[in-house]
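Taking it in order: structure first as structure tokens, then the write-up.
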Amino acid sequence: MTNGKSLLLSPRKISLSNQNGQAIVNSLNINVLNSNLETKPVFRFGLFVCGLLATASGIVHSGAAQHDRQEFIQAEAALKSGNRGEYNRLLKRLDQYPLVAFLRFQELSNSLADAAVADYLDRFDGSFYAMRLRKLYLARLAGSGQWRKFVEYYRDSDSIGLQCSYYRALYATGRRTEALRGAQALWLSGESRPKACDDLFDLLRSSPLFTRDLAWQRFAMALEKDHEGLAKYLLRFVSPEDRAIAGHALEIHRNPGLISSCPRRSTGRREGWIFAHGIEGIADKDLARAISLWDARGAGYSMDAETLHRVKRRLAILAALRRDPSAYSRFVDLDPEFTDQDSRFWRIRAALITKNWDRVRESVDRLPANEKAQIQWKYWLARAFQAQDKTDQARNLFLEVARERDYYGFLAADRMDVDYRISNRPADLDVAELAGLEASPQIDLIRELLLLGREVEARRNWWYMLDGLSQREKAVAAKIAQNWGLRKEAVLTAAKAEYWDDLPLRFPLLFTQPILENARTNNLSPTMVFSLVRQESIFDENAVSPAGAVGLMQIMPATGRRIAMEIRDSWRSQQKLFDPGTNVRYGTHYLKSLLDSFEHNFALAAAAYNAGPGRVQRWLPADRPLESDIWVEIIPYRETRNYVRYVLGYTVIYQQRLESGRKKLRDFMPMVAPGRSVAKIDLPLQQVISCH
């Protein structure tokens, strides 16, 4: 952080901190409603801050701005209470205040008066609130059937409802063919569509463009997405000729095993699709039976090329996950015209599972040039050369990969026993660039939201702003976020800017006291703890995951309660996990238990930290030890596979950041010992496959 200090803004507290995340006692005049924020728990969903002062590189306020903030709060209160006279008086005074766009959005989102909305969209065009107001206004126009005005104000949108309304507007204003073509595209989805699409789909179904195949396609897509309720609804639109076979498809969807009693062959494409769908349903629970039925009967059914490939691809990937000897040959049998990146990558993994290095080389060589150039596959090609005693080819390729600062680069460096390439080259950003972006209206608005404790609103504006910035401007924004103490925004914005070489920005050293103390207490390398915190929360002590994991090390409340019992600590609620010291103490205790369970292999412990120890037990090799790099590469969960690679790579980087230790990456990932036999993969296929 700049000058070793930053201004930390969070839903729970606002403080000045040093790079260890510890509060600094200082003489700055910080005027907040709760003067005991550093020691007293605070309601987590936001704070009102009357005034805030930071260093020159941080968030600055002036007396005039402080007065504006107070009037802004008063104007919001007047608007909410319906005191229009007071609101209008304050609004005039706030005309140049950065949050006037936010204030007027709150006003207009209720009334949506035509003239006022038009003026607003003209004045604040391109802003986050203009985008939001436009969506609200378009919804109102669609609801009242003002189609010409809708077309005038519509902008490309990712909202399916607005897209449907747009094509409905085109139909109403005479562009009927274009509208119905758009309706066709929106119709073809296995997902439910919003109510705004109902009128458009009525028009489509009453037109010649609504064919028998179009009705069947969506019905089939709904079953493929496992949306049985939607499929039952869509039955009413299936043609009379297909009604009976669609009912049969529903029966097979509910009980895939019924395909065993189906005829052994059929020339009908609908019957072929039903057989394929049944095979996919069986494969998730009983792969051997699915393969047996497919191999015995699949050729007897007529299927389009896409359906045929989808089933063959699914069986190949599931076979690879279960380490079935037939997996590789099934990938070879896939039609190259339909082969996608996922199946190409899993073909390599199928060869790795059996350590057939000829097949690894063959599969990597068959990759398109852009995929073959990826560091991941260069590493595995080098491993194949090394296993085949092609020493020169292996060495040259390993040395090339070892130039990279990432997991595969570090593995390659270990293979060649050369130093890691860990460069720290901050971007050449001058003061004028930082000052220029900090003075922009968008940054002004975000700064004011932060100073008023509206962090959620500030973050929304931040990410919306980034979409409109150049790569260079994103790099500048990353440094601004770092200077302001916005940890996640700094790290993630740097990634969006492809601004990789500023290590203090991307890999900060925060909360060092609790991390170092608890690592020492549990006999852990602190680099492991830093890397987990970096991956889990990006040093946000207030982070809460969609699943409910809490704090720096993302501990589930149930796990936290159990750990509290194990270490004989008091437990009242999950609020305890928002305390950085407690969270790290619990997290390091849990990590130590995982390392003890998995023979001190950090690759396995990290996988267990992410996916749970039970799953990792099921992923262990069945009968003989396996190199950890191969084990990591064939982890079935895409998220966990990426997670482990990131965390392992971060341990090396944090070792350099801490200037401690000389451990190699290989020291963190010894051979994987055999475990219990492999059980079924208990997750949807889309979580298994990966493009990485």
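As shown in the structure tokens, the chain order sets the letters A, B, ...; within each chain, residues go from 1, and ligands are also counted from 1 in the order they appear.
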
Inset, instruction - Enumerate, as JSON, numbers by chain, the complete set of residues in segment 605-690 of chain A that a backbone-based DSSP assignment places in helix (DSSP H, G or I). - result: {"A": [605, 606, 607, 608, 609, 610, 611, 613, 614, 615, 616, 617, 618, 619, 628, 629, 630, 631, 632, 633, 638, 639, 640, 641, 642, 643, 644, 645, 646, 647, 648, 649, 650, 651, 652, 653, 654, 655, 656, 657, 658, 665, 666, 667, 668, 685, 686, 687, 688]}

Legend entry - Pick from A:His589, A:Arg349, A:Lys285, A:Arg123, whichever lies nearest to Tyr609 of chain A using only C-alpha atoms: A:His589

Inset, instruction - Using only C-alpha atoms, determine which residues lie at most 6 Å from segment 552-554 of chain A, disregarding the query and same-chain residues fewer than 6 positions distant; provide the list as number ranges by chain. - result: A: 533, 536-537, 539-541, 587

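Closest approach to Ala412 of chain A among A:Asp202, A:Glu224, A:Asp623, A:Asp629: A:Asp629, based on only C-alpha atoms.
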
Inset, instruction - Point out the residue among A:Ile630, A:Val491, A:Leu510, A:Ile422 with the least atom-to-atom distance to Lys355 of chain A, counting only C-alpha atoms. - result: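 When distances to Lys355 of chain A are compared using only C-alpha atoms, the smallest one comes from A:Ile630.
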
Legend entry - Residues near segment 446-448 of chain A, cut-off 10 Å, only C-alpha atoms, skip fewer than 3 positions along chain, as a list in words: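 Listing them by chain and then by number gives Gly58, Ile59, Val60, His61, Ala65, Gln66, Arg69, Tyr97, Pro98, Leu99, Glu438, Pro441, Gln442, Ile443, Leu451, Leu452, Gly453, Arg454, Glu455, Glu457, Ala458, Arg459, Arg460, Asn461, Trp462, Met465 and Trp484 of chain A.
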
Legend entry - Counting only C-alpha atoms, the residue of A:Arg181, A:Arg344, A:Arg264, A:Lys225 that sits nearest Pro208 of chain A: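 Looking at the shortest contact to Pro208 of chain A, the residue is A:Arg181.
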
Legend entry - Which residue of A:Phe72, A:Tyr153, A:Tyr233, A:Phe598 approaches Glu191 of chain A most closely, using only C-alpha atoms: A:Tyr233

Legend entry - Shell around Met669 of chain A at 9 Å using only C-alpha atoms, local window under 5 positions removed, as a list in words: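 Final neighbour list, sorted by chain and number: His600, Asn601, Phe602, Ala603, Leu604, Glu627, Ser628, Asp629 and Leu648 of chain A.
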
Inset, instruction - Would you mind listing what lies within 9 Å of segment 570-578 of chain A as a ChimeraX atom specification, with only C-alpha atoms counted and same-chain residues fewer than 6 positions away left out? - result: /A:541-543,550-552,554-558,560-561,564,584,586

Legend entry - Counting only C-alpha atoms, the option among A:Ile348, A:Leu108, A:Val431, A:Ala290 closest to Lys372 of chain A: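 Checking each candidate against Lys372 of chain A, we get A:Ile348 as the closest.
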
Legend entry - Polymer residues at most 7 Å from Phe105 of chain A, only C-alpha atoms, same-chain spacing of 4 or more positions, as a PyMOL selection string: chain A and resi 101+109+129+133

Next, write the just-selected residues to a file, as a PDB file, in the first residue's frame, keeping all heavy atoms as the atom set.
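The resulting file, out_11.pdb, is reproduced below:
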ATOM      1  N   ALA A 101     -26.663  12.560  -9.472  1.00  0.00           N
ATOM      2  CA  ALA A 101     -27.206  11.524 -10.359  1.00  0.00           C
ATOM      3  C   ALA A 101     -27.902  10.433  -9.544  1.00  0.00           C
ATOM      4  O   ALA A 101     -28.966   9.929  -9.932  1.00  0.00           O
ATOM      5  CB  ALA A 101     -26.090  10.920 -11.203  1.00  0.00           C
ATOM      6  N   SER A 109     -37.075   7.145 -10.306  1.00  0.00           N
ATOM      7  CA  SER A 109     -37.404   5.726 -10.419  1.00  0.00           C
ATOM      8  C   SER A 109     -38.819   5.442  -9.934  1.00  0.00           C
ATOM      9  O   SER A 109     -39.387   4.397 -10.272  1.00  0.00           O
ATOM     10  CB  SER A 109     -36.399   4.887  -9.627  1.00  0.00           C
ATOM     11  OG  SER A 109     -36.413   5.239  -8.257  1.00  0.00           O
ATOM     12  N   TYR A 129     -26.421   4.925 -13.234  1.00  0.00           N
ATOM     13  CA  TYR A 129     -27.820   5.215 -12.903  1.00  0.00           C
ATOM     14  C   TYR A 129     -28.647   5.512 -14.141  1.00  0.00           C
ATOM     15  O   TYR A 129     -29.854   5.238 -14.155  1.00  0.00           O
ATOM     16  CB  TYR A 129     -27.880   6.357 -11.883  1.00  0.00           C
ATOM     17  CG  TYR A 129     -27.253   5.940 -10.580  1.00  0.00           C
ATOM     18  CD1 TYR A 129     -26.040   6.476 -10.158  1.00  0.00           C
ATOM     19  CD2 TYR A 129     -27.834   4.948  -9.807  1.00  0.00           C
ATOM     20  CE1 TYR A 129     -25.438   6.055  -8.984  1.00  0.00           C
ATOM     21  CE2 TYR A 129     -27.245   4.516  -8.634  1.00  0.00           C
ATOM     22  CZ  TYR A 129     -26.040   5.070  -8.227  1.00  0.00           C
ATOM     23  OH  TYR A 129     -25.445   4.626  -7.077  1.00  0.00           O
ATOM     24  N   LEU A 133     -32.025   3.553 -14.838  1.00  0.00           N
ATOM     25  CA  LEU A 133     -33.269   4.290 -15.078  1.00  0.00           C
ATOM     26  C   LEU A 133     -33.848   3.931 -16.441  1.00  0.00           C
ATOM     27  O   LEU A 133     -35.064   3.802 -16.592  1.00  0.00           O
ATOM     28  CB  LEU A 133     -33.024   5.797 -14.979  1.00  0.00           C
ATOM     29  CG  LEU A 133     -34.289   6.658 -15.022  1.00  0.00           C
ATOM     30  CD1 LEU A 133     -35.149   6.416 -13.782  1.00  0.00           C
ATOM     31  CD2 LEU A 133     -33.950   8.143 -15.138  1.00  0.00           C
TER      32      LEU A 133
END

For segment 349-460 of chain A versus segment 651-668 of chain A, which residues have an atom no more than 8 Å away, and what is each residue's nearest atom pair and distance in Å rounded to one decimal, using only C-alpha atoms, chain-then-number order, as a Markdown table?
| residue | atom | partner | partner_atom | distance |
| --- | --- | --- | --- | --- |
| A:Phe410 | CA | A:Leu665 | CA | 6.6 |
| A:Leu411 | CA | A:Leu665 | CA | 6.7 |
| A:Asp414 | CA | A:Lys664 | CA | 6.9 |
| A:Ile422 | CA | A:Ile653 | CA | 7.1 |

Please tabulate, as a tab-separated table, the residues of segment 230-250 of chain A that come within 12 Å of segment 269-283 of chain A, each with its closest pair of atoms and the distance in Å to one decimal, counting only C-alpha atoms and ordering rows by chain, then residue number upward.
residue	atom	partner	partner_atom	distance
A:Glu241	CA	A:Arg270	CA	11.3
A:Asp242	CA	A:Arg270	CA	8.6
A:Arg243	CA	A:Arg270	CA	11.3
A:Ala244	CA	A:Arg270	CA	11.1
A:Ile245	CA	A:Arg270	CA	7.6
A:Ala246	CA	A:Arg270	CA	8.6
A:Gly247	CA	A:Ile274	CA	10.7
A:His248	CA	A:Ile274	CA	8.3
A:Ala249	CA	A:Ile274	CA	5.7
A:Leu250	CA	A:Ile274	CA	9.1
